[in-house]
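Raw contents of final-v4.cif, mmCIF, C-alpha atoms:
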data_protein
#
loop_
_atom_site.label_atom_id
_atom_site.label_comp_id
_atom_site.auth_asym_id
_atom_site.auth_seq_id
_atom_site.Cartn_x
_atom_site.Cartn_y
_atom_site.Cartn_z
CA MET A 1 130.99 -119.19 -2.41
CA HIS A 2 133.25 -117.07 -4.57
CA ASP A 3 133.54 -113.54 -5.88
CA VAL A 4 132.70 -112.56 -9.43
CA ARG A 5 134.31 -109.43 -10.80
CA LEU A 6 132.19 -107.07 -12.86
CA GLY A 7 133.53 -104.22 -14.96
CA GLY A 8 131.13 -101.79 -13.37
CA GLU A 9 130.55 -98.21 -14.45
CA ASP A 10 130.00 -95.55 -11.85
CA ILE A 11 126.42 -95.41 -10.64
CA LEU A 12 126.56 -91.65 -10.62
CA ALA A 13 127.75 -91.57 -14.24
CA ARG A 14 124.19 -90.99 -15.47
CA GLN A 15 123.80 -88.06 -13.05
CA LEU A 16 127.06 -86.63 -14.32
CA GLU A 17 125.94 -87.01 -17.95
CA LEU A 18 122.67 -85.23 -17.20
CA ALA A 19 124.55 -82.48 -15.39
CA GLU A 20 126.86 -82.10 -18.39
CA GLU A 21 123.83 -81.83 -20.67
CA ASN A 22 122.43 -79.05 -18.47
CA TYR A 23 125.79 -77.33 -18.53
CA ARG A 24 125.98 -77.52 -22.34
CA ARG A 25 122.41 -76.32 -22.69
CA LEU A 26 123.10 -73.23 -20.60
CA HIS A 27 126.58 -72.63 -21.91
CA GLU A 28 125.66 -72.70 -25.60
CA ARG A 29 123.15 -69.92 -24.96
CA GLY A 30 125.74 -67.91 -23.07
CA ILE A 31 123.79 -68.23 -19.82
CA ARG A 32 125.78 -68.03 -16.60
CA SER A 33 124.46 -70.27 -13.86
CA VAL A 34 124.88 -70.42 -10.11
CA SER A 35 123.89 -73.24 -7.80
CA VAL A 36 122.97 -72.10 -4.29
CA LEU A 37 123.21 -74.70 -1.54
CA GLY A 38 122.97 -74.20 2.16
CA ALA A 39 121.37 -74.68 5.49
CA ILE A 40 117.65 -74.28 6.14
CA GLY A 41 116.87 -70.69 7.07
CA SER A 42 120.38 -69.44 6.35
CA GLY A 43 119.17 -66.79 3.91
CA LYS A 44 119.69 -68.49 0.54
CA THR A 45 116.50 -67.01 -0.89
CA THR A 46 117.23 -63.49 0.34
CA ILE A 47 120.69 -63.69 -1.17
CA VAL A 48 119.29 -64.83 -4.52
CA GLU A 49 116.66 -62.05 -4.34
CA TRP A 50 119.41 -59.48 -3.90
CA ALA A 51 121.39 -60.99 -6.72
CA ILE A 52 118.31 -60.84 -8.96
CA VAL A 53 117.69 -57.18 -8.15
CA ARG A 54 121.31 -56.24 -8.49
CA LEU A 55 121.97 -58.08 -11.74
CA GLN A 56 118.77 -56.79 -13.32
CA ARG A 57 120.01 -53.30 -12.52
CA GLU A 58 123.09 -54.20 -14.53
CA GLY A 59 120.83 -55.01 -17.44
CA LEU A 60 121.00 -58.78 -17.09
CA ARG A 61 117.94 -60.97 -17.52
CA VAL A 62 117.71 -63.33 -14.58
CA GLY A 63 115.96 -66.65 -14.19
CA ALA A 64 115.65 -68.79 -11.09
CA ILE A 65 114.75 -72.30 -10.09
CA ALA A 66 113.25 -72.46 -6.61
CA ALA A 67 113.44 -75.91 -5.03
CA ASP A 68 111.69 -76.77 -1.82
CA SER A 69 110.16 -79.86 -0.38
CA ALA A 70 106.74 -78.23 -0.60
CA GLY A 71 105.11 -74.91 -1.38
CA ASP A 72 106.00 -72.03 -3.67
CA ASP A 73 107.14 -69.37 -1.19
CA ASP A 74 110.60 -68.88 -2.66
CA HIS A 75 109.27 -69.00 -6.21
CA VAL A 76 106.80 -66.20 -5.39
CA ARG A 77 109.63 -64.13 -3.89
CA PHE A 78 111.74 -64.54 -7.03
CA LEU A 79 108.82 -63.56 -9.23
CA SER A 80 108.18 -60.49 -7.09
CA ARG A 81 111.78 -59.39 -7.79
CA GLY A 82 111.18 -59.60 -11.52
CA ALA A 83 112.92 -62.91 -12.23
CA ARG A 84 111.54 -65.58 -14.52
CA SER A 85 111.11 -68.40 -12.03
CA VAL A 86 110.21 -72.08 -11.93
CA ASN A 87 109.01 -73.80 -8.79
CA VAL A 88 110.19 -77.36 -8.08
CA ASN A 89 108.76 -79.38 -5.21
CA THR A 90 111.06 -82.25 -4.39
CA GLN A 91 108.56 -83.69 -1.87
CA ASP A 92 110.35 -86.53 -0.10
CA ASP A 93 113.68 -85.93 -1.81
CA CYS A 94 116.07 -83.82 0.21
CA HIS A 95 117.92 -82.38 -2.79
CA LEU A 96 117.67 -81.49 -6.45
CA ASP A 97 119.26 -83.68 -9.07
CA ALA A 98 120.31 -82.95 -12.65
CA HIS A 99 117.16 -84.58 -14.03
CA ALA A 100 114.90 -82.23 -12.04
CA VAL A 101 116.96 -79.25 -13.19
CA ASP A 102 116.65 -80.42 -16.80
CA HIS A 103 112.85 -80.34 -16.47
CA ALA A 104 112.93 -76.98 -14.73
CA LEU A 105 115.06 -75.55 -17.55
CA ASP A 106 112.36 -76.71 -20.00
CA ALA A 107 109.98 -74.33 -18.26
CA LEU A 108 112.31 -71.31 -18.38
CA PRO A 109 112.55 -69.01 -21.43
CA LEU A 110 116.25 -69.74 -21.89
CA ASP A 111 116.58 -67.63 -25.02
CA ASP A 112 115.60 -64.58 -22.98
CA LEU A 113 117.94 -65.12 -20.04
CA ASP A 114 121.53 -64.19 -19.19
CA VAL A 115 121.78 -65.75 -15.73
CA VAL A 116 120.05 -68.63 -13.95
CA PHE A 117 120.16 -69.22 -10.19
CA VAL A 118 119.32 -72.68 -8.94
CA GLU A 119 118.37 -72.65 -5.26
CA ASN A 120 118.54 -76.12 -3.80
CA VAL A 121 116.55 -77.51 -0.89
CA GLY A 122 118.00 -76.46 2.47
CA ASN A 123 120.41 -79.26 3.32
CA LEU A 124 124.15 -79.49 4.01
CA ILE A 125 124.62 -83.16 3.35
CA CYS A 126 123.38 -84.94 0.24
CA PRO A 127 123.13 -82.12 -2.37
CA ALA A 128 126.91 -82.15 -2.56
CA ASP A 129 126.81 -85.55 -4.27
CA PHE A 130 124.52 -84.41 -7.07
CA PRO A 131 126.09 -82.14 -9.67
CA LEU A 132 123.45 -80.02 -11.42
CA GLY A 133 125.46 -78.62 -14.31
CA THR A 134 125.78 -75.01 -13.18
CA ASP A 135 129.09 -73.27 -13.72
CA ARG A 136 129.34 -71.76 -10.22
CA GLU A 137 128.31 -72.96 -6.80
CA MET A 138 128.09 -71.43 -3.36
CA VAL A 139 127.09 -72.69 0.06
CA VAL A 140 125.22 -70.37 2.41
CA ILE A 141 125.15 -70.70 6.19
CA SER A 142 124.34 -68.14 8.86
CA VAL A 143 125.81 -67.30 12.24
CA THR A 144 122.55 -68.18 14.00
CA GLU A 145 123.23 -71.85 13.28
CA GLY A 146 126.31 -71.70 15.50
CA ASP A 147 130.02 -71.29 14.92
CA ASP A 148 130.55 -75.03 14.52
CA MET A 149 128.52 -75.43 11.31
CA ILE A 150 131.56 -75.87 9.09
CA ARG A 151 133.33 -78.42 11.25
CA LYS A 152 130.05 -80.30 11.65
CA HIS A 153 129.59 -80.63 7.89
CA PRO A 154 133.21 -80.92 6.78
CA LYS A 155 132.70 -82.87 3.57
CA ILE A 156 130.52 -80.32 1.80
CA PHE A 157 132.76 -77.42 2.84
CA ALA A 158 135.96 -79.24 1.88
CA GLN A 159 134.55 -79.45 -1.64
CA THR A 160 133.04 -75.97 -1.93
CA ASP A 161 135.02 -73.01 -3.20
CA LEU A 162 132.66 -70.23 -2.12
CA VAL A 163 131.00 -70.03 1.29
CA VAL A 164 128.69 -67.23 2.40
CA VAL A 165 128.20 -66.65 6.12
CA ASN A 166 125.02 -64.66 6.42
CA LYS A 167 123.32 -62.69 9.23
CA VAL A 168 126.69 -61.53 10.63
CA ASP A 169 124.90 -58.59 12.24
CA LEU A 170 123.31 -61.12 14.62
CA ALA A 171 126.62 -62.69 15.68
CA PRO A 172 126.92 -60.75 18.97
CA ALA A 173 123.27 -61.45 19.84
CA VAL A 174 123.72 -65.21 19.47
CA GLY A 175 127.22 -65.30 20.94
CA VAL A 176 128.91 -66.58 17.81
CA ASP A 177 132.39 -65.67 16.67
CA PRO A 178 132.42 -65.70 12.84
CA GLN A 179 136.20 -65.99 12.94
CA ARG A 180 135.82 -69.58 14.09
CA LEU A 181 133.88 -70.35 10.91
CA ILE A 182 136.53 -68.57 8.84
CA ASP A 183 139.33 -70.53 10.55
CA ASP A 184 137.61 -73.90 10.15
CA TYR A 185 136.96 -73.23 6.49
CA ALA A 186 140.55 -72.13 5.87
CA LYS A 187 141.77 -75.43 7.29
CA LEU A 188 139.29 -77.51 5.28
CA ASN A 189 139.65 -75.68 2.00
CA PRO A 190 142.76 -73.49 1.74
CA HIS A 191 141.74 -72.41 -1.79
CA GLY A 192 138.18 -71.46 -0.93
CA ARG A 193 136.75 -67.99 -0.40
CA ILE A 194 134.44 -67.07 2.45
CA VAL A 195 132.32 -63.92 2.57
CA LEU A 196 130.45 -62.46 5.54
CA THR A 197 127.09 -61.01 4.53
CA GLU A 198 124.07 -59.30 5.93
CA ALA A 199 121.66 -60.08 3.14
CA LYS A 200 118.87 -58.00 4.62
CA THR A 201 120.84 -54.86 3.92
CA GLY A 202 122.95 -56.11 1.04
CA ARG A 203 126.23 -55.92 2.96
CA GLY A 204 128.80 -58.25 1.43
CA MET A 205 126.71 -58.95 -1.66
CA ASP A 206 129.06 -57.03 -3.98
CA GLU A 207 131.86 -59.35 -2.99
CA VAL A 208 129.66 -62.43 -3.43
CA LEU A 209 128.64 -61.35 -6.93
CA SER A 210 132.21 -60.47 -7.80
CA LEU A 211 133.44 -63.91 -6.69
CA LEU A 212 130.68 -65.43 -8.82
CA GLY A 213 132.12 -63.58 -11.79
CA PHE A 214 129.69 -60.65 -11.98
CA GLU A 215 131.19 -57.19 -12.01
CA CYS A 216 128.58 -54.66 -10.96
CA THR A 217 129.04 -51.06 -12.01
CA ASN A 218 126.02 -49.68 -10.17
CA THR A 219 127.12 -49.59 -6.55
CA GLN A 220 123.80 -48.48 -5.07
CA TRP A 221 121.67 -51.20 -3.49
CA MET B 1 120.33 -94.03 -6.95
CA VAL B 2 120.03 -97.51 -5.45
CA ASP B 3 117.29 -98.21 -7.97
CA GLU B 4 119.80 -97.32 -10.69
CA LEU B 5 122.40 -99.56 -9.06
CA ILE B 6 120.03 -102.53 -9.04
CA SER B 7 118.66 -102.02 -12.55
CA SER B 8 122.15 -101.67 -14.00
CA LEU B 9 123.40 -104.69 -12.08
CA LEU B 10 120.63 -107.19 -12.90
CA PRO B 11 121.38 -107.58 -16.65
CA ARG B 12 125.05 -108.08 -15.87
CA LEU B 13 124.17 -111.01 -13.64
CA ASP B 14 122.35 -112.89 -16.41
CA ALA B 15 125.46 -114.82 -17.40
CA ILE B 16 126.33 -115.64 -13.80
CA PRO B 17 124.70 -118.71 -12.33
CA GLY B 18 124.17 -119.24 -8.62
CA ARG B 19 122.73 -117.15 -5.85
CA VAL B 20 124.12 -113.67 -5.30
CA THR B 21 124.81 -113.36 -1.59
CA ALA B 22 126.59 -110.00 -1.51
CA VAL B 23 127.14 -106.96 -3.69
CA PHE B 24 130.32 -105.00 -3.04
CA LEU B 25 129.93 -101.30 -3.64
CA ARG B 26 133.10 -99.20 -3.77
CA LYS B 27 132.33 -95.79 -2.31
CA GLY B 28 134.83 -92.97 -2.45
CA GLU B 29 135.31 -91.15 0.84
CA LEU B 30 134.50 -87.81 -0.81
CA ARG B 31 130.96 -89.07 -1.36
CA ILE B 32 128.60 -88.01 1.37
CA LEU B 33 126.04 -90.77 0.85
CA SER B 34 125.02 -92.57 3.99
CA THR B 35 126.07 -96.21 4.16
CA HIS B 36 123.07 -97.07 6.28
CA ALA B 37 120.63 -95.37 3.88
CA LEU B 38 122.20 -97.15 0.90
CA GLN B 39 121.89 -100.51 2.63
CA SER B 40 118.28 -99.93 3.71
CA ALA B 41 117.29 -98.83 0.21
CA PHE B 42 119.07 -101.82 -1.29
CA GLU B 43 117.26 -104.22 1.00
CA LEU B 44 113.91 -102.71 0.08
CA LEU B 45 114.40 -102.21 -3.64
CA SER B 46 115.99 -105.60 -4.30
CA ARG B 47 112.93 -107.49 -3.09
CA GLY B 48 111.45 -109.71 -5.74
CA THR B 49 114.60 -109.48 -7.89
CA ARG B 50 117.55 -111.82 -8.16
CA LEU B 51 119.33 -109.68 -5.60
CA ASP B 52 116.67 -110.30 -2.97
CA GLY B 53 118.42 -111.33 0.23
CA ALA B 54 121.89 -110.22 -0.92
CA ARG B 55 123.87 -107.96 1.41
CA LEU B 56 125.15 -104.62 0.18
CA GLU B 57 128.72 -104.32 1.42
CA ILE B 58 130.30 -100.89 1.20
CA GLU B 59 134.02 -100.76 0.51
CA ASP B 60 135.49 -97.36 1.29
CA VAL B 61 137.96 -95.90 -1.19
CA SER B 62 140.46 -93.37 0.17
CA ALA B 63 140.99 -90.11 -1.65
CA VAL B 64 144.05 -89.65 -3.85
CA VAL B 65 144.85 -86.19 -5.16
CA ARG B 66 146.96 -84.91 -8.04
CA CYS B 67 148.47 -81.43 -7.88
CA ARG B 68 148.02 -79.23 -10.93
CA ALA B 69 151.14 -77.24 -10.04
CA CYS B 70 153.79 -79.72 -8.87
CA SER B 71 152.32 -83.04 -10.11
CA TYR B 72 152.28 -84.59 -6.63
CA GLU B 73 150.02 -87.63 -6.62
CA GLY B 74 149.13 -89.37 -3.40
CA PRO B 75 147.11 -89.10 -0.23
CA PRO B 76 145.93 -85.63 0.84
CA ASN B 77 146.42 -84.06 4.24
CA ARG B 78 143.46 -84.39 6.53
CA PHE B 79 141.35 -82.10 8.67
CA GLY B 80 140.78 -83.57 12.11
CA ASP B 81 139.13 -82.40 15.26
CA GLU B 82 140.92 -82.39 18.57
CA ARG B 83 139.31 -85.67 19.62
CA GLY B 84 140.31 -87.47 16.46
CA HIS B 85 136.77 -88.15 15.32
CA LEU B 86 137.31 -86.59 11.93
CA ALA B 87 139.83 -87.13 9.18
CA ILE B 88 138.43 -85.25 6.23
CA PRO B 89 140.62 -85.05 3.11
CA ILE B 90 141.79 -81.52 2.34
CA LEU B 91 141.68 -80.83 -1.39
CA SER B 92 144.98 -79.03 -1.52
CA CYS B 93 148.47 -80.27 -2.35
CA PRO B 94 150.26 -81.56 0.78
CA ARG B 95 153.61 -80.74 -0.87
CA CYS B 96 153.21 -77.25 -2.34
CA GLY B 97 149.72 -76.13 -1.29
CA GLY B 98 148.56 -75.98 -4.92
CA ASP B 99 145.14 -76.75 -6.32
CA VAL B 100 144.44 -80.46 -6.79
CA THR B 101 142.03 -82.76 -8.57
CA ALA B 102 140.79 -85.89 -6.86
CA VAL B 103 141.89 -88.92 -8.89
CA ALA B 104 140.28 -91.32 -6.41
CA GLY B 105 137.68 -90.85 -3.74
CA ARG B 106 134.61 -89.94 -5.76
CA GLU B 107 133.73 -93.37 -7.14
CA LEU B 108 130.52 -95.25 -6.55
CA CYS B 109 130.54 -98.52 -8.44
CA VAL B 110 130.03 -102.24 -8.11
CA GLU B 111 133.06 -104.20 -9.16
CA ARG B 112 132.25 -107.61 -7.72
CA VAL B 113 129.53 -109.74 -6.27
CA ALA B 114 129.71 -112.86 -4.11
CA VAL B 115 127.96 -115.87 -5.57
CA SER B 116 126.96 -119.06 -3.80
CA GLU B 117 127.44 -122.09 -6.01
CA GLY B 118 124.85 -124.13 -4.24
CA GLU B 119 122.22 -123.63 -6.89
CA GLY B 120 123.55 -125.12 -10.10
CA ALA B 121 126.53 -122.88 -10.62
CA THR B 122 129.64 -124.28 -12.22
CA ARG B 123 132.99 -123.01 -11.02
CA GLY B 124 134.89 -121.27 -13.77
CA SER B 125 131.81 -120.25 -15.70
CA VAL B 126 131.32 -116.96 -13.99
CA THR B 127 133.92 -114.54 -15.31
CA GLN B 128 132.37 -111.52 -16.91
CA GLY B 129 133.73 -108.20 -17.96
CA ALA B 130 137.13 -106.76 -17.23
CA GLY B 131 138.46 -105.91 -13.83
CA PRO B 132 139.41 -102.36 -13.01
#

Starting from the file, lay out its structure as structure tokens.
Amino acid sequence: MHDVRLGGEDILARQLELAEENYRRLHERGIRSVSVLGAIGSGKTTIVEWAIVRLQREGLRVGAIAADSAGDDDHVRFLSRGARSVNVNTQDDCHLDAHAVDHALDALPLDDLDVVFVENVGNLICPADFPLGTDREMVVISVTEGDDMIRKHPKIFAQTDLVVVNKVDLAPAVGVDPQRLIDDYAKLNPHGRIVLTEAKTGRGMDEVLSLLGFECTNTQW
Amino acid sequence: MVDELISSLLPRLDAIPGRVTAVFLRKGELRILSTHALQSAFELLSRGTRLDGARLEIEDVSAVVRCRACSYEGPPNRFGDERGHLAIPILSCPRCGGDVTAVAGRELCVERVAVSEGEGATRGSVTQGAGP
């Protein structure tokens, strides 16, 4: 028995190449893109809906990719807000990958869009290993999941530069101190930004959009 | 992903005689992939191939960061819980607090396999490719 050395390339290299192709495809058309990750039921879709409404009011043409294991609920919500949307059912896969995004981009009228949101499947573990090729990324959690969500999923938060803590209005009702989430995140990622939101009313969304690089002039929600 | 691992590995084994008993996968600690899931998938997807019966051994690679501001290069500080169960690398410079890039810790690659010579292999005939 002996070991044989192989000059192996990274197994994720192909994923990275595909992600870079997606990035180039969007970038060369001047499309800004945002990947939205987060926990199940944290409010990712509501946040994207607000972003769609708000950015359209700024005159931007918004597209969205709605990924879920099954169904088209999020896709229908995006359409109802006026976005051009594509539905992706990942079925047994718990995350999107760059290949799936490539196909979804085929179905979007890219020449008529300024912004594309990519909402991943609700999951705080494996999506972090699959770059999609967007130029911004945010992770959404909500206070109803508990104030230990960040410390329980440290790897994804250590590598994420924008975290949205949603449903802060419910914090007293569920006995959660959002400060604990803020403190945990500050320790894990001293360079990251964390925003408290109440997506139902739009509170905090200006700051989220600003940190994503969108300056909104119309301040009415 | 494991399918990709196996299909990229099989052609590279063509020049290597003998039975492959283990595949050593280097996995950076910044990767979230589950070791158990990788091993289960490998066991299933390698059936009927030359890797059938080989073990997938995961070798963890510690993170190394490089600071964009002060050029520090080395291990990062770690985030731990009070019971010591966690030691997550913090992607910030331990020396000046600046922004860093990870120069190690994100890899996922096979650099070696273990081969049993019991089945017609000749020692010395198995070197292929360059090492890291």

Which chain A residues are at most 8 Å from chain B (counting only C-alpha atoms), as number ranges by chain?
A: 1-12, 125-126, 128-129, 154-156, 158-159, 187-191

Near-Asp183 (chain A) list (12 Å; only C-alpha atoms; drop same-chain fewer than 5 positions) as a list in words:
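Counting only C-alpha atoms, the residues come to Asp147, Asp148, Met149, Ile150, Arg151, Asp177, Pro178, Leu188, Asn189, Pro190, Gly192, Arg193 and Ile194 of chain A; Phe79 of chain B.
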
Record the distance separating CA of Ser33 (chain A) and CA of Glu207 (chain A), expressed in Å with one decimal.
17.1 Å

Could you list, as a list of chain:residue names, every residue matched by the PyMOL selection byres ((chain B and resi 42) around 8) in this structure?
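After applying the PyMOL selection byres ((chain B and resi 42) around 8), what remains is B:Val2, B:Asp3, B:Ile6, B:Leu38, B:Gln39, B:Ser40, B:Ala41, B:Glu43, B:Leu44, B:Leu45, B:Ser46, B:Leu56.
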
Run the PyMOL selection byres ((chain A and resi 30) around 9) mentally over the shown coordinates, then write out the matched residues as a short mmCIF file (atom, residue, chain, number, x, y, z; two decimals) with C-alpha atoms, in the frame of the given file, using the chain letters and numbers from the document.
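Result saved to part37.cif:
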data_model
loop_
_atom_site.label_atom_id
_atom_site.label_comp_id
_atom_site.auth_asym_id
_atom_site.auth_seq_id
_atom_site.Cartn_x
_atom_site.Cartn_y
_atom_site.Cartn_z
CA LEU A 26 123.10 -73.23 -20.60
CA HIS A 27 126.58 -72.63 -21.91
CA GLU A 28 125.66 -72.70 -25.60
CA ARG A 29 123.15 -69.92 -24.96
CA ILE A 31 123.79 -68.23 -19.82
CA ARG A 32 125.78 -68.03 -16.60
CA LEU A 113 117.94 -65.12 -20.04
CA ASP A 114 121.53 -64.19 -19.19
CA VAL A 115 121.78 -65.75 -15.73
#

Name the residues captured by the PyMOL selection byres ((chain B and resi 103) around 12) when it is applied to the shown file; answer as a VMD selection string.
chain B and resid 28 to 30 61 to 68 72 to 76 91 100 to 102 104 to 107

What gap, in Å, lies between CA of Ser85 (chain A) and CA of Ile65 (chain A)?
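Separation of CA of Ser85 (chain A) and CA of Ile65 (chain A): 5.7 Å.
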
If I take CA of Ala67 (chain A) and CA of Asp111 (chain A), how far is one from the other in Å, to one decimal?
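Calculated distance between CA of Ala67 (chain A) and CA of Asp111 (chain A) is 21.9 Å.
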
Exercise: Gly38 (chain A) partners within 8 Å, all atoms listed in the file, chain neighbours under 3 positions left out, as a list in words
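Answer for this query is Ser42, Lys44, Asn120, Val121, Gly122, Asn123, Leu124, Val139, Val140 and Ile141 of chain A.
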
List as a PDB file with C-alpha atoms, in the frame of the given file the protein and nucleic acid residues near Glu119 (chain A), meaning an atom at most 8 Å away when all atoms listed in the file are counted, but skip any in the same chain fewer than 5 places from it.
ATOM      1  CA  SER A  35     123.890 -73.240  -7.800  1.00  0.00           C
ATOM      2  CA  VAL A  36     122.970 -72.100  -4.290  1.00  0.00           C
ATOM      3  CA  LEU A  37     123.210 -74.700  -1.540  1.00  0.00           C
ATOM      4  CA  LYS A  44     119.690 -68.490   0.540  1.00  0.00           C
ATOM      5  CA  THR A  45     116.500 -67.010  -0.890  1.00  0.00           C
ATOM      6  CA  VAL A  48     119.290 -64.830  -4.520  1.00  0.00           C
ATOM      7  CA  ALA A  64     115.650 -68.790 -11.090  1.00  0.00           C
ATOM      8  CA  ILE A  65     114.750 -72.300 -10.090  1.00  0.00           C
ATOM      9  CA  ALA A  66     113.250 -72.460  -6.610  1.00  0.00           C
ATOM     10  CA  ALA A  67     113.440 -75.910  -5.030  1.00  0.00           C
TER      11      ALA A  67
END

Model the absent atoms of region 145-167 of chain A so that N, CA and C atoms are present, and write the result as a short mmCIF file (atom, residue, chain, number, x, y, z; two decimals), keeping the file's coordinate frame.
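What ended up in result-v7.cif:
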data_model
loop_
_atom_site.label_atom_id
_atom_site.label_comp_id
_atom_site.auth_asym_id
_atom_site.auth_seq_id
_atom_site.Cartn_x
_atom_site.Cartn_y
_atom_site.Cartn_z
N GLU A 145 123.17 -70.39 13.19
CA GLU A 145 123.23 -71.85 13.28
C GLU A 145 124.37 -72.31 14.17
N GLY A 146 125.20 -71.35 14.62
CA GLY A 146 126.31 -71.70 15.50
C GLY A 146 127.64 -71.61 14.77
N ASP A 147 128.72 -71.47 15.57
CA ASP A 147 130.02 -71.29 14.92
C ASP A 147 130.72 -72.63 14.65
N ASP A 148 129.96 -73.72 14.80
CA ASP A 148 130.55 -75.03 14.52
C ASP A 148 129.96 -75.67 13.26
N MET A 149 129.21 -74.87 12.48
CA MET A 149 128.52 -75.43 11.31
C MET A 149 129.49 -76.02 10.30
N ILE A 150 130.63 -75.38 10.11
CA ILE A 150 131.56 -75.87 9.09
C ILE A 150 132.23 -77.16 9.54
N ARG A 151 132.68 -77.19 10.78
CA ARG A 151 133.33 -78.42 11.25
C ARG A 151 132.35 -79.58 11.40
N LYS A 152 131.05 -79.23 11.55
CA LYS A 152 130.05 -80.30 11.65
C LYS A 152 129.66 -80.89 10.29
N HIS A 153 129.93 -80.15 9.23
CA HIS A 153 129.59 -80.63 7.89
C HIS A 153 130.83 -80.54 7.00
N PRO A 154 131.92 -81.18 7.44
CA PRO A 154 133.21 -80.92 6.78
C PRO A 154 133.24 -81.33 5.31
N LYS A 155 132.54 -82.39 4.94
CA LYS A 155 132.70 -82.87 3.57
C LYS A 155 132.22 -81.85 2.55
N ILE A 156 131.05 -81.26 2.79
CA ILE A 156 130.52 -80.32 1.80
C ILE A 156 131.42 -79.07 1.73
N PHE A 157 131.95 -78.64 2.87
CA PHE A 157 132.76 -77.42 2.84
C PHE A 157 134.16 -77.69 2.27
N ALA A 158 134.65 -78.91 2.46
CA ALA A 158 135.96 -79.24 1.88
C ALA A 158 135.90 -79.22 0.36
N GLN A 159 134.69 -79.37 -0.19
CA GLN A 159 134.55 -79.45 -1.64
C GLN A 159 133.89 -78.22 -2.24
N THR A 160 133.71 -77.17 -1.44
CA THR A 160 133.04 -75.97 -1.93
C THR A 160 134.00 -74.79 -1.95
N ASP A 161 134.04 -74.09 -3.07
CA ASP A 161 135.02 -73.01 -3.20
C ASP A 161 134.50 -71.64 -2.80
N LEU A 162 133.18 -71.52 -2.58
CA LEU A 162 132.66 -70.23 -2.12
C LEU A 162 131.62 -70.46 -1.02
N VAL A 163 131.91 -69.90 0.15
CA VAL A 163 131.00 -70.03 1.29
C VAL A 163 130.55 -68.63 1.71
N VAL A 164 129.24 -68.50 1.93
CA VAL A 164 128.69 -67.23 2.40
C VAL A 164 128.19 -67.44 3.83
N VAL A 165 128.69 -66.60 4.74
CA VAL A 165 128.20 -66.65 6.12
C VAL A 165 127.28 -65.45 6.31
N ASN A 166 126.03 -65.72 6.41
CA ASN A 166 125.02 -64.66 6.42
C ASN A 166 124.62 -64.28 7.86
N LYS A 167 123.87 -63.20 7.95
CA LYS A 167 123.32 -62.69 9.23
C LYS A 167 124.43 -62.33 10.21
#
